[in-house]
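What follows is a single structure, written as structure tokens, with notes after it.
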Amino acid sequence: MPRQKSNLGRNWYAVHTYSGYEDAVARNLKQRIESLGMEDKIFNVIVPKEKKIKMKAGKRNVIEEKIYPGYVLVEMVVTDDSWYVVRNTPRVTGFVGAGTDPIPISNEEIGELQRRMGAEEPRHKIEFAVSDLVKITDGPFKDFDGKIAEIDEARGKIKVLVSMFGRDTPVELDYLQIKKV
């Protein structure tokens, strides 16, 4: 089954795993590299994650979310034995590539991933515009409809005009507390 792999030098490869087992595969693979003395061929194993802001019970929480669920990235030189060590790690289903030939991930893609993983502060991703109609999904004004009057992207806050007592009242909300109508 194993045949001589083309030795393309040191590259990053994507390894497909059972979903939910990415961290376990990374730990297991690191132990295998050490116990089998593969440090000269397999250099790095990562589960790419980035910080995201989520709302839970009216509070903002920063969570780490996998960028590619079901994948682990491995920096290695592909030879018969290094390929075999990775491929035969429990819960690994295979390399991303054609047949048994892994395809390296481009340097641009790795650079972009490292930038996303290295971001200290999660960025506010506001996909609303002034005068959008929205429904408030959280907080004391939950289920009220309104219209966006102002967006403060730096703080992640949005001022929404809510019709109360026959007039528009501005309410400052977190952008996670609204959705487009």
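Chain lettering (A, B, ...) mirrors the order of the structure tokens, residue numbering begins at 1 for each chain separately, and ligand numbering begins at 1 in order of display.
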
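Residues surrounding region 103-115 of chain A within 7 Å are Asn11, Trp12, Tyr13, Val96, Gly97 and Ala119 of chain A [only C-alpha atoms; sequence separation below 4 positions excluded].
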
- Item | Residue list (helix (DSSP H, G or I), DSSP) for chain A, as a VMD selection string | chain A and resid 22 to 35 80 to 87 107 to 118 175 to 177

- Task: For Thr17 (chain A), please output as a PyMOL selection string all residues within 6 Å (counting only C-alpha atoms; exclusion window: fewer than 2 positions along the same chain).
- Result: chain A and resi 70-71+91-93

Output file for the residues above (N, CA and C atoms, as a JSON list (two decimals), in the first residue's frame):
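Below is the file that was written, result_33.json:
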```
[["chain", "number", "residue", "atom", "x", "y", "z"],
["A", 70, "GLY", "N", -13.81, 19.47, 12.08],
["A", 70, "GLY", "CA", -13.53, 18.21, 11.41],
["A", 70, "GLY", "C", -12.15, 18.14, 10.78],
["A", 71, "TYR", "N", -11.31, 19.17, 11.02],
["A", 71, "TYR", "CA", -9.97, 19.16, 10.43],
["A", 71, "TYR", "C", -8.91, 19.56, 11.46],
["A", 91, "ARG", "N", -9.11, 8.04, 14.90],
["A", 91, "ARG", "CA", -10.11, 9.04, 14.53],
["A", 91, "ARG", "C", -9.68, 9.97, 13.40],
["A", 92, "VAL", "N", -8.59, 9.63, 12.72],
["A", 92, "VAL", "CA", -8.20, 10.36, 11.51],
["A", 92, "VAL", "C", -8.80, 9.58, 10.34],
["A", 93, "THR", "N", -9.53, 10.28, 9.46],
["A", 93, "THR", "CA", -10.13, 9.58, 8.32],
["A", 93, "THR", "C", -9.29, 9.74, 7.06]]
```

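Pairwise distance (CA of Asp138 (chain A), CA of Glu64 (chain A)) equals 22.0 Å.
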
- Message: Restricting the calculation to only C-alpha atoms: of A:Glu65, A:Glu127, A:Glu39, A:Asp132, which residue gets closest to Lys51 (chain A)?
- Response: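 Closest candidate: A:Glu65.
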
- Message: For a quick check of understanding, using only C-alpha atoms, which of A:Ile53, A:Met164, A:Ala149, A:Met117 has the smallest distance to Ser131 (chain A)?
- Response: A:Ala149

- Would you please work out which residue, of A:Val62, A:Val162, A:Val74, A:Val85, is nearest to Phe144 (chain A) when using only C-alpha atoms?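 Of A:Val62, A:Val162, A:Val74, A:Val85, the one nearest Phe144 (chain A) is A:Val162, counting only C-alpha atoms.
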
- Between CA of Asn61 (chain A) and CA of Val160 (chain A), what is the spacing in Å? 22.2 Å

- Task: Give me the residues within 9 Å of Pro69 (chain A) as a PyMOL selection string, counting only C-alpha atoms and dropping any in the same chain fewer than 5 places off.
- Result: chain A and resi 17+19-20+22+47-48

Could you make a table, as a Markdown table, of the residues of region 53-121 of chain A that have an atom within 7 Å of an atom of region 26-37 of chain A, each with its nearest atom pair and distance in Å to one decimal, counting only C-alpha atoms, in chain and number order?
```
| residue | atom | partner | partner_atom | distance |
| --- | --- | --- | --- | --- |
| A:Val72 | CA | A:Ala26 | CA | 6.8 |
| A:Val86 | CA | A:Leu29 | CA | 6.8 |
| A:Thr89 | CA | A:Leu29 | CA | 6.3 |
```
